[in-house]
Amino acid sequence: MKKVFSFVLFTVISVYLFSSCESCSRKKEKAKTIIKEKIDTIVVENTKEKKIVKIIRDTVYIEKEITEDTTEFKKPKIMDPLISWNDTKTKRRIVAFVKSVTDKNSLNYVKPVDRIAVFDQEGTLWPEKPLYFQIEFMFDRIQQMAPDHPEWKKDRIVKAALERNQEKIKKFGGEGLFKLSMLTQSNMTVKEYNSIILEWINNSKHPETGKLYKNMVYKPMIDLFRYLKENRFKIYIVTESGYGFIRPWVEQVYGIPKEQVIASRRRLKWKEVNGKHVLMRDPEILFINDKANKVVSIEQIIGKRPIMAFGNSDNDLFMLQWTSEGDGKSLAGVIHHTDGDREWAYDKDSKIGHLDKALSEAKDKDWVVVDMKNDWAEIYIK
């Protein structure tokens, strides 16, 4: 009887230990999921098999092995994508347009590859008062360089720049600005110029606000950029400023890749220095990217007509017209500087950012007009 009891007890303990070990091993082993991809169809099944490739009826199934705790990252839905905009008709029109062209069930649906949006910079993405920021850069640069160039003391244009005398600079016209540009932005390598620009944008302050220039970007436009990128728009900055002035910091400040900048162009020269080749910035300016030239550049560089465009002056009228006259639904927008307390208030009476014809056409053609005072809850990024 003892032998029988001992045998039964041994059997029970063995079964228990075996089942426990098997259970432990199952817990330790990660369940695997195979994802089969076939054109636009995805089939998911649980299996312990390794990665394989099967060819069934001339259809290729590529199977990828993942663990069961792997989850697809989903972006949280932003309830208000334009948080720095007031809840006005302007904001609602922008949101309605984006929804219309991104909804596959909409008659206005536009494929992601054709969702092109273009934006002017000066006065549209950051201020242009009291002077365009690239001119402010040249003034700062002249101050830095002057001690090494005593011969400049007799030059009236340089003297006006050293005094930051805007009225005298304006009297010299294009000749004065060209000379300042030549002295401060040429006869150096592209790499050297990039370093100078980055140093300036990260450390120099606006003469009136005391803010770093890179912090004077309009928060509502940054929010709009984010919203458009989330909806698979490709954004281009189309500006009269030079490529060299914008590209070094555009990704840092706007989150836009440097290859999506369309700007004025200076001649570059290939040169060998100490056995290595460099690109030198020449004094000659090849192309001024302004007015109708913006449309020319858009066609030559992008090769597609935008479905969205924003500008702030008559210089941007051509780009807005080109966008609004395309086939299908489009949105043309004008940034109207109406906030004299938080920024500046100006339009047709201003030489910088002159806005007259574009504002009239915007009203006639029902373009979006952004009233900065009423439409924007915030002005600058923090």
# chains A, B, ... in the order shown; residues from 1 in each chain; ligands from 1

call {"tool": "residues_around", "arguments": {"residues": "region 170-177 of chain A", "least_positions_apart": "3", "cutoff": "9 Å", "atoms": "only C-alpha atoms", "output": "number ranges by chain"}}
result
A: 135, 157-158, 165-167, 180-182

call {"tool": "write_last_selection", "arguments": {"atoms": "N, CA and C atoms", "output": "short mmCIF file (atom, residue, chain, number, x, y, z; two decimals), in the first residue's frame"}}
result
data_model
loop_
_atom_site.label_atom_id
_atom_site.label_comp_id
_atom_site.auth_asym_id
_atom_site.auth_seq_id
_atom_site.Cartn_x
_atom_site.Cartn_y
_atom_site.Cartn_z
N ILE A 135 18.47 94.25 -43.20
CA ILE A 135 19.15 95.55 -43.16
C ILE A 135 19.68 95.81 -41.74
N ILE A 157 27.93 106.53 -47.04
CA ILE A 157 26.97 105.45 -46.84
C ILE A 157 27.30 104.66 -45.57
N VAL A 158 28.58 104.34 -45.40
CA VAL A 158 29.00 103.60 -44.21
C VAL A 158 28.76 104.45 -42.96
N ASN A 165 21.27 105.76 -39.33
CA ASN A 165 20.44 106.85 -39.83
C ASN A 165 19.59 106.35 -41.00
N GLN A 166 18.36 105.99 -40.69
CA GLN A 166 17.49 105.40 -41.71
C GLN A 166 17.18 106.37 -42.86
N GLU A 167 16.96 107.62 -42.51
CA GLU A 167 16.59 108.60 -43.54
C GLU A 167 17.72 108.79 -44.55
N LEU A 180 26.26 98.37 -48.83
CA LEU A 180 26.29 97.77 -47.51
C LEU A 180 26.25 96.24 -47.60
N SER A 181 25.46 95.75 -48.54
CA SER A 181 25.37 94.31 -48.74
C SER A 181 26.71 93.74 -49.20
N MET A 182 27.36 94.44 -50.12
CA MET A 182 28.65 94.01 -50.65
C MET A 182 29.70 93.96 -49.54
#

call {"tool": "select_by_dssp", "arguments": {"residues": "region 42-254 of chain A", "states": "helix (DSSP H, G or I)", "output": "PDB file with C-alpha atoms, in the first residue's frame"}}
result
ATOM      1  CA  LYS A  89     -14.356  84.078 -38.751  1.00  0.00           C
ATOM      2  CA  THR A  90     -10.769  84.219 -40.018  1.00  0.00           C
ATOM      3  CA  LYS A  91      -9.666  81.248 -37.936  1.00  0.00           C
ATOM      4  CA  ARG A  92     -12.781  79.273 -38.829  1.00  0.00           C
ATOM      5  CA  ARG A  93     -12.225  79.865 -42.539  1.00  0.00           C
ATOM      6  CA  ILE A  94      -8.646  78.588 -42.359  1.00  0.00           C
ATOM      7  CA  VAL A  95      -9.665  75.459 -40.438  1.00  0.00           C
ATOM      8  CA  ALA A  96     -12.608  74.821 -42.779  1.00  0.00           C
ATOM      9  CA  PHE A  97     -10.321  75.101 -45.804  1.00  0.00           C
ATOM     10  CA  VAL A  98      -7.796  72.632 -44.408  1.00  0.00           C
ATOM     11  CA  LYS A  99     -10.549  70.155 -43.534  1.00  0.00           C
ATOM     12  CA  SER A 100     -12.096  70.518 -46.984  1.00  0.00           C
ATOM     13  CA  VAL A 101      -8.913  69.772 -48.959  1.00  0.00           C
ATOM     14  CA  THR A 102      -7.802  66.912 -46.690  1.00  0.00           C
ATOM     15  CA  PRO A 112      -0.923  65.330 -50.120  1.00  0.00           C
ATOM     16  CA  VAL A 113       1.643  65.646 -52.915  1.00  0.00           C
ATOM     17  CA  ASP A 114      -0.240  68.713 -54.206  1.00  0.00           C
ATOM     18  CA  PHE A 133      15.763  92.540 -40.441  1.00  0.00           C
ATOM     19  CA  GLN A 134      18.409  91.818 -43.057  1.00  0.00           C
ATOM     20  CA  ILE A 135      19.151  95.554 -43.162  1.00  0.00           C
ATOM     21  CA  GLU A 136      19.350  95.547 -39.348  1.00  0.00           C
ATOM     22  CA  PHE A 137      21.879  92.726 -39.692  1.00  0.00           C
ATOM     23  CA  MET A 138      23.976  94.808 -42.101  1.00  0.00           C
ATOM     24  CA  PHE A 139      23.954  97.736 -39.649  1.00  0.00           C
ATOM     25  CA  ASP A 140      25.143  95.460 -36.834  1.00  0.00           C
ATOM     26  CA  ARG A 141      27.766  93.891 -39.086  1.00  0.00           C
ATOM     27  CA  ILE A 142      29.134  97.300 -40.161  1.00  0.00           C
ATOM     28  CA  GLN A 143      29.568  98.200 -36.472  1.00  0.00           C
ATOM     29  CA  GLN A 144      31.589  95.024 -35.926  1.00  0.00           C
ATOM     30  CA  MET A 145      33.755  95.436 -39.017  1.00  0.00           C
ATOM     31  CA  ALA A 146      34.410  99.188 -38.889  1.00  0.00           C
ATOM     32  CA  PRO A 147      37.397  99.107 -36.463  1.00  0.00           C
ATOM     33  CA  ASP A 148      39.310  96.965 -38.984  1.00  0.00           C
ATOM     34  CA  PRO A 150      39.571 102.931 -40.997  1.00  0.00           C
ATOM     35  CA  GLU A 151      39.197 103.847 -44.685  1.00  0.00           C
ATOM     36  CA  TRP A 152      35.405 103.625 -44.256  1.00  0.00           C
ATOM     37  CA  LYS A 153      35.287 106.791 -42.157  1.00  0.00           C
ATOM     38  CA  LYS A 154      35.123 108.946 -45.279  1.00  0.00           C
ATOM     39  CA  ARG A 156      28.966 108.658 -46.521  1.00  0.00           C
ATOM     40  CA  ILE A 157      26.966 105.447 -46.837  1.00  0.00           C
ATOM     41  CA  VAL A 158      28.997 103.603 -44.205  1.00  0.00           C
ATOM     42  CA  LYS A 159      28.855 106.634 -41.929  1.00  0.00           C
ATOM     43  CA  ALA A 160      25.032 106.683 -42.191  1.00  0.00           C
ATOM     44  CA  ALA A 161      24.932 102.952 -41.401  1.00  0.00           C
ATOM     45  CA  LEU A 162      27.208 103.400 -38.378  1.00  0.00           C
ATOM     46  CA  GLN A 166      17.490 105.400 -41.708  1.00  0.00           C
ATOM     47  CA  GLU A 167      16.586 108.604 -43.535  1.00  0.00           C
ATOM     48  CA  LYS A 168      20.065 109.008 -45.010  1.00  0.00           C
ATOM     49  CA  ILE A 169      20.162 105.334 -46.029  1.00  0.00           C
ATOM     50  CA  LYS A 170      16.813 105.730 -47.777  1.00  0.00           C
ATOM     51  CA  LYS A 171      18.140 108.739 -49.714  1.00  0.00           C
ATOM     52  CA  PHE A 172      20.996 106.641 -51.070  1.00  0.00           C
ATOM     53  CA  GLY A 173      18.374 104.218 -52.426  1.00  0.00           C
ATOM     54  CA  GLY A 174      19.392 100.912 -53.982  1.00  0.00           C
ATOM     55  CA  GLU A 175      22.995 102.055 -54.381  1.00  0.00           C
ATOM     56  CA  GLY A 176      23.387 102.467 -50.630  1.00  0.00           C
ATOM     57  CA  LEU A 177      21.878  99.101 -49.753  1.00  0.00           C
ATOM     58  CA  PHE A 178      23.912  97.349 -52.431  1.00  0.00           C
ATOM     59  CA  LYS A 179      27.129  98.799 -51.064  1.00  0.00           C
ATOM     60  CA  LEU A 180      26.286  97.767 -47.508  1.00  0.00           C
ATOM     61  CA  SER A 181      25.371  94.305 -48.744  1.00  0.00           C
ATOM     62  CA  MET A 182      28.646  94.009 -50.651  1.00  0.00           C
ATOM     63  CA  LEU A 183      30.726  95.078 -47.635  1.00  0.00           C
ATOM     64  CA  THR A 184      28.974  92.890 -45.082  1.00  0.00           C
ATOM     65  CA  GLN A 185      27.794  89.814 -46.987  1.00  0.00           C
ATOM     66  CA  VAL A 190      29.390  80.207 -47.589  1.00  0.00           C
ATOM     67  CA  LYS A 191      30.434  78.385 -44.416  1.00  0.00           C
ATOM     68  CA  GLU A 192      31.864  81.555 -42.875  1.00  0.00           C
ATOM     69  CA  TYR A 193      28.732  83.518 -43.709  1.00  0.00           C
ATOM     70  CA  ASN A 194      26.490  80.804 -42.222  1.00  0.00           C
ATOM     71  CA  SER A 195      28.391  81.027 -38.933  1.00  0.00           C
ATOM     72  CA  ILE A 196      28.070  84.829 -38.856  1.00  0.00           C
ATOM     73  CA  ILE A 197      24.312  84.654 -39.475  1.00  0.00           C
ATOM     74  CA  LEU A 198      23.757  82.002 -36.783  1.00  0.00           C
ATOM     75  CA  GLU A 199      25.705  84.066 -34.286  1.00  0.00           C
ATOM     76  CA  TRP A 200      23.574  87.102 -35.112  1.00  0.00           C
ATOM     77  CA  ILE A 201      20.133  85.432 -35.047  1.00  0.00           C
ATOM     78  CA  ASN A 202      20.855  83.740 -31.716  1.00  0.00           C
ATOM     79  CA  ASN A 203      22.310  86.745 -29.915  1.00  0.00           C
ATOM     80  CA  TYR A 213      15.244  88.529 -33.458  1.00  0.00           C
ATOM     81  CA  LYS A 214      14.558  84.792 -33.457  1.00  0.00           C
ATOM     82  CA  ASN A 215      11.921  85.352 -30.739  1.00  0.00           C
ATOM     83  CA  LYS A 219       3.253  82.624 -32.713  1.00  0.00           C
ATOM     84  CA  PRO A 220      -0.019  82.327 -34.698  1.00  0.00           C
ATOM     85  CA  MET A 221       1.946  81.603 -37.894  1.00  0.00           C
ATOM     86  CA  ILE A 222       4.069  78.968 -36.141  1.00  0.00           C
ATOM     87  CA  ASP A 223       0.828  77.330 -34.962  1.00  0.00           C
ATOM     88  CA  LEU A 224      -0.484  77.484 -38.529  1.00  0.00           C
ATOM     89  CA  PHE A 225       2.720  75.824 -39.798  1.00  0.00           C
ATOM     90  CA  ARG A 226       2.309  73.020 -37.268  1.00  0.00           C
ATOM     91  CA  TYR A 227      -1.345  72.548 -38.231  1.00  0.00           C
ATOM     92  CA  LEU A 228      -0.538  72.406 -41.944  1.00  0.00           C
ATOM     93  CA  LYS A 229       2.331  69.940 -41.453  1.00  0.00           C
ATOM     94  CA  GLU A 230       0.060  67.672 -39.415  1.00  0.00           C
ATOM     95  CA  TYR A 243      19.155  82.492 -49.312  1.00  0.00           C
ATOM     96  CA  GLY A 244      22.285  82.868 -47.205  1.00  0.00           C
ATOM     97  CA  PHE A 245      20.504  85.044 -44.640  1.00  0.00           C
ATOM     98  CA  ILE A 246      17.531  82.666 -44.159  1.00  0.00           C
ATOM     99  CA  VAL A 250      15.098  78.524 -40.807  1.00  0.00           C
ATOM    100  CA  GLU A 251      14.762  75.005 -39.413  1.00  0.00           C
ATOM    101  CA  GLN A 252      15.652  76.095 -35.888  1.00  0.00           C
ATOM    102  CA  VAL A 253      13.141  78.962 -35.834  1.00  0.00           C
ATOM    103  CA  TYR A 254      10.313  77.893 -38.175  1.00  0.00           C
TER     104      TYR A 254
END

call {"tool": "closest_residue", "arguments": {"among": "A:Ser241, A:Ser186, A:Ser360, A:Gln260", "to": "Asp314 (chain A)", "atoms": "only C-alpha atoms"}}
result
A:Ser360

call {"tool": "residues_around", "arguments": {"residues": "Met308 (chain A)", "least_positions_apart": "2", "cutoff": "7 Å", "atoms": "only C-alpha atoms", "output": "mmCIF file with N, CA and C atoms, in the first residue's frame"}}
result
data_model
loop_
_atom_site.group_PDB
_atom_site.id
_atom_site.type_symbol
_atom_site.label_atom_id
_atom_site.label_comp_id
_atom_site.auth_asym_id
_atom_site.auth_seq_id
_atom_site.Cartn_x
_atom_site.Cartn_y
_atom_site.Cartn_z
ATOM 1 N N ILE A 116 0.489 72.323 -51.504
ATOM 2 C CA ILE A 116 1.600 73.274 -51.451
ATOM 3 C C ILE A 116 1.116 74.584 -50.843
ATOM 4 N N ALA A 117 1.828 75.060 -49.823
ATOM 5 C CA ALA A 117 1.514 76.343 -49.187
ATOM 6 C C ALA A 117 2.755 77.225 -49.225
ATOM 7 N N VAL A 118 2.588 78.487 -49.618
ATOM 8 C CA VAL A 118 3.714 79.415 -49.721
ATOM 9 C C VAL A 118 3.470 80.632 -48.827
ATOM 10 N N PRO A 306 0.615 76.667 -55.899
ATOM 11 C CA PRO A 306 0.190 76.462 -54.507
ATOM 12 C C PRO A 306 -1.332 76.471 -54.372
ATOM 13 N N THR A 323 -1.971 81.984 -56.814
ATOM 14 C CA THR A 323 -2.552 80.898 -56.015
ATOM 15 C C THR A 323 -4.068 80.849 -56.171
ATOM 16 N N SER A 330 -8.740 76.959 -53.216
ATOM 17 C CA SER A 330 -7.491 77.563 -52.754
ATOM 18 C C SER A 330 -7.811 78.579 -51.668
ATOM 19 N N LEU A 331 -6.761 79.017 -50.986
ATOM 20 C CA LEU A 331 -6.924 80.044 -49.958
ATOM 21 C C LEU A 331 -5.780 81.040 -50.086
ATOM 22 N N ALA A 332 -6.125 82.300 -50.299
ATOM 23 C CA ALA A 332 -5.148 83.387 -50.323
ATOM 24 C C ALA A 332 -5.396 84.254 -49.097
#

call {"tool": "select_by_dssp", "arguments": {"residues": "region 224-294 of chain A", "states": "strand (DSSP E)", "output": "ChimeraX atom specification"}}
result
/A:234-242,261-273,276-287

call {"tool": "atom_distance", "arguments": {"atom1": "CA of Asn108 (chain A)", "atom2": "CA of Thr124 (chain A)"}}
result
26.5 Å

call {"tool": "closest_residue", "arguments": {"among": "A:Lys351, A:Lys294, A:Arg232, A:His277", "to": "Leu317 (chain A)", "atoms": "only C-alpha atoms"}}
result
A:Lys294

call {"tool": "atom_distance", "arguments": {"atom1": "CA of Lys329 (chain A)", "atom2": "CA of Val261 (chain A)"}}
result
24.2 Å

call {"tool": "residues_around", "arguments": {"residues": "region 368-382 of chain A", "least_positions_apart": "6", "cutoff": "6 Å", "atoms": "only C-alpha atoms", "output": "PDB file with N, CA and C atoms, in the first residue's frame"}}
result
ATOM      1  N   SER A  84      -3.270  80.008 -30.593  1.00  0.00           N
ATOM      2  CA  SER A  84      -2.919  81.420 -30.410  1.00  0.00           C
ATOM      3  C   SER A  84      -3.768  82.356 -31.276  1.00  0.00           C
ATOM      4  N   TRP A  85      -4.760  81.799 -31.958  1.00  0.00           N
ATOM      5  CA  TRP A  85      -5.709  82.595 -32.737  1.00  0.00           C
ATOM      6  C   TRP A  85      -7.005  82.756 -31.939  1.00  0.00           C
ATOM      7  N   ASN A  86      -7.600  83.928 -32.005  1.00  0.00           N
ATOM      8  CA  ASN A  86      -8.920  84.113 -31.413  1.00  0.00           C
ATOM      9  C   ASN A  86      -9.959  83.379 -32.248  1.00  0.00           C
ATOM     10  N   ASN A 215      13.114  85.440 -31.570  1.00  0.00           N
ATOM     11  CA  ASN A 215      11.921  85.352 -30.739  1.00  0.00           C
ATOM     12  C   ASN A 215      10.828  86.326 -31.163  1.00  0.00           C
ATOM     13  N   MET A 216      11.070  87.021 -32.258  1.00  0.00           N
ATOM     14  CA  MET A 216      10.047  87.933 -32.763  1.00  0.00           C
ATOM     15  C   MET A 216       9.241  87.305 -33.899  1.00  0.00           C
ATOM     16  N   VAL A 217       9.287  85.994 -33.961  1.00  0.00           N
ATOM     17  CA  VAL A 217       8.467  85.264 -34.924  1.00  0.00           C
ATOM     18  C   VAL A 217       7.031  85.241 -34.409  1.00  0.00           C
ATOM     19  N   TYR A 218       6.063  85.347 -35.330  1.00  0.00           N
ATOM     20  CA  TYR A 218       4.664  85.383 -34.936  1.00  0.00           C
ATOM     21  C   TYR A 218       4.184  83.994 -34.496  1.00  0.00           C
ATOM     22  N   LYS A 219       3.739  83.896 -33.251  1.00  0.00           N
ATOM     23  CA  LYS A 219       3.253  82.624 -32.713  1.00  0.00           C
ATOM     24  C   LYS A 219       2.073  82.064 -33.511  1.00  0.00           C
ATOM     25  N   GLY A 333      -4.321  84.571 -48.362  1.00  0.00           N
ATOM     26  CA  GLY A 333      -4.488  85.330 -47.133  1.00  0.00           C
ATOM     27  C   GLY A 333      -3.563  86.527 -47.051  1.00  0.00           C
ATOM     28  N   VAL A 334      -4.064  87.610 -46.454  1.00  0.00           N
ATOM     29  CA  VAL A 334      -3.296  88.848 -46.270  1.00  0.00           C
ATOM     30  C   VAL A 334      -3.180  89.130 -44.775  1.00  0.00           C
ATOM     31  N   ILE A 335      -1.947  89.289 -44.302  1.00  0.00           N
ATOM     32  CA  ILE A 335      -1.720  89.680 -42.906  1.00  0.00           C
ATOM     33  C   ILE A 335      -1.788  91.203 -42.832  1.00  0.00           C
ATOM     34  N   HIS A 336      -2.785  91.711 -42.122  1.00  0.00           N
ATOM     35  CA  HIS A 336      -2.995  93.160 -42.018  1.00  0.00           C
ATOM     36  C   HIS A 336      -2.516  93.625 -40.645  1.00  0.00           C
ATOM     37  N   HIS A 337      -1.515  94.485 -40.632  1.00  0.00           N
ATOM     38  CA  HIS A 337      -0.920  94.981 -39.389  1.00  0.00           C
ATOM     39  C   HIS A 337      -1.804  96.080 -38.797  1.00  0.00           C
ATOM     40  N   THR A 338      -2.611  95.693 -37.803  1.00  0.00           N
ATOM     41  CA  THR A 338      -3.586  96.618 -37.219  1.00  0.00           C
ATOM     42  C   THR A 338      -3.367  96.847 -35.732  1.00  0.00           C
ATOM     43  N   ASP A 339      -2.302  96.249 -35.173  1.00  0.00           N
ATOM     44  CA  ASP A 339      -2.105  96.288 -33.723  1.00  0.00           C
ATOM     45  C   ASP A 339      -0.939  97.191 -33.347  1.00  0.00           C
TER      46      ASP A 339
END

call {"tool": "decode", "arguments": {"residues": "region 300-339 of chain A", "atoms": "C-alpha atoms", "output": "PDB file, in the first residue's frame"}}
result
ATOM      1  CA  GLN A 300      10.864  77.115 -61.578  1.00  0.00           C
ATOM      2  CA  ILE A 301      11.652  75.609 -58.180  1.00  0.00           C
ATOM      3  CA  ILE A 302       8.420  73.943 -57.035  1.00  0.00           C
ATOM      4  CA  GLY A 303       6.853  73.293 -60.430  1.00  0.00           C
ATOM      5  CA  LYS A 304       3.346  73.320 -58.949  1.00  0.00           C
ATOM      6  CA  ARG A 305       0.803  76.019 -58.263  1.00  0.00           C
ATOM      7  CA  PRO A 306       0.190  76.462 -54.507  1.00  0.00           C
ATOM      8  CA  ILE A 307      -3.262  75.949 -53.001  1.00  0.00           C
ATOM      9  CA  MET A 308      -2.491  78.295 -50.089  1.00  0.00           C
ATOM     10  CA  ALA A 309      -0.536  81.564 -49.959  1.00  0.00           C
ATOM     11  CA  PHE A 310      -0.026  84.263 -47.329  1.00  0.00           C
ATOM     12  CA  GLY A 311       1.587  87.679 -47.706  1.00  0.00           C
ATOM     13  CA  ASN A 312       1.271  91.141 -46.164  1.00  0.00           C
ATOM     14  CA  SER A 313       2.053  93.737 -48.828  1.00  0.00           C
ATOM     15  CA  ASP A 314       1.511  94.694 -52.446  1.00  0.00           C
ATOM     16  CA  ASN A 315       4.816  92.962 -53.220  1.00  0.00           C
ATOM     17  CA  ASP A 316       3.012  89.686 -52.454  1.00  0.00           C
ATOM     18  CA  LEU A 317      -0.022  90.442 -54.645  1.00  0.00           C
ATOM     19  CA  PHE A 318       1.304  88.443 -57.595  1.00  0.00           C
ATOM     20  CA  MET A 319       1.852  85.333 -55.481  1.00  0.00           C
ATOM     21  CA  LEU A 320      -1.647  85.631 -54.012  1.00  0.00           C
ATOM     22  CA  GLN A 321      -3.199  86.065 -57.449  1.00  0.00           C
ATOM     23  CA  TRP A 322      -1.301  83.093 -58.849  1.00  0.00           C
ATOM     24  CA  THR A 323      -2.552  80.898 -56.015  1.00  0.00           C
ATOM     25  CA  SER A 324      -6.178  82.018 -56.100  1.00  0.00           C
ATOM     26  CA  GLU A 325      -6.477  81.679 -59.883  1.00  0.00           C
ATOM     27  CA  GLY A 326      -5.531  77.986 -59.937  1.00  0.00           C
ATOM     28  CA  ASP A 327      -7.907  75.098 -60.556  1.00  0.00           C
ATOM     29  CA  GLY A 328      -9.714  73.750 -57.525  1.00  0.00           C
ATOM     30  CA  LYS A 329     -10.142  75.174 -54.065  1.00  0.00           C
ATOM     31  CA  SER A 330      -7.491  77.563 -52.754  1.00  0.00           C
ATOM     32  CA  LEU A 331      -6.924  80.044 -49.958  1.00  0.00           C
ATOM     33  CA  ALA A 332      -5.148  83.387 -50.323  1.00  0.00           C
ATOM     34  CA  GLY A 333      -4.488  85.330 -47.133  1.00  0.00           C
ATOM     35  CA  VAL A 334      -3.296  88.848 -46.270  1.00  0.00           C
ATOM     36  CA  ILE A 335      -1.720  89.680 -42.906  1.00  0.00           C
ATOM     37  CA  HIS A 336      -2.995  93.160 -42.018  1.00  0.00           C
ATOM     38  CA  HIS A 337      -0.920  94.981 -39.389  1.00  0.00           C
ATOM     39  CA  THR A 338      -3.586  96.618 -37.219  1.00  0.00           C
ATOM     40  CA  ASP A 339      -2.105  96.288 -33.723  1.00  0.00           C
TER      41      ASP A 339
END
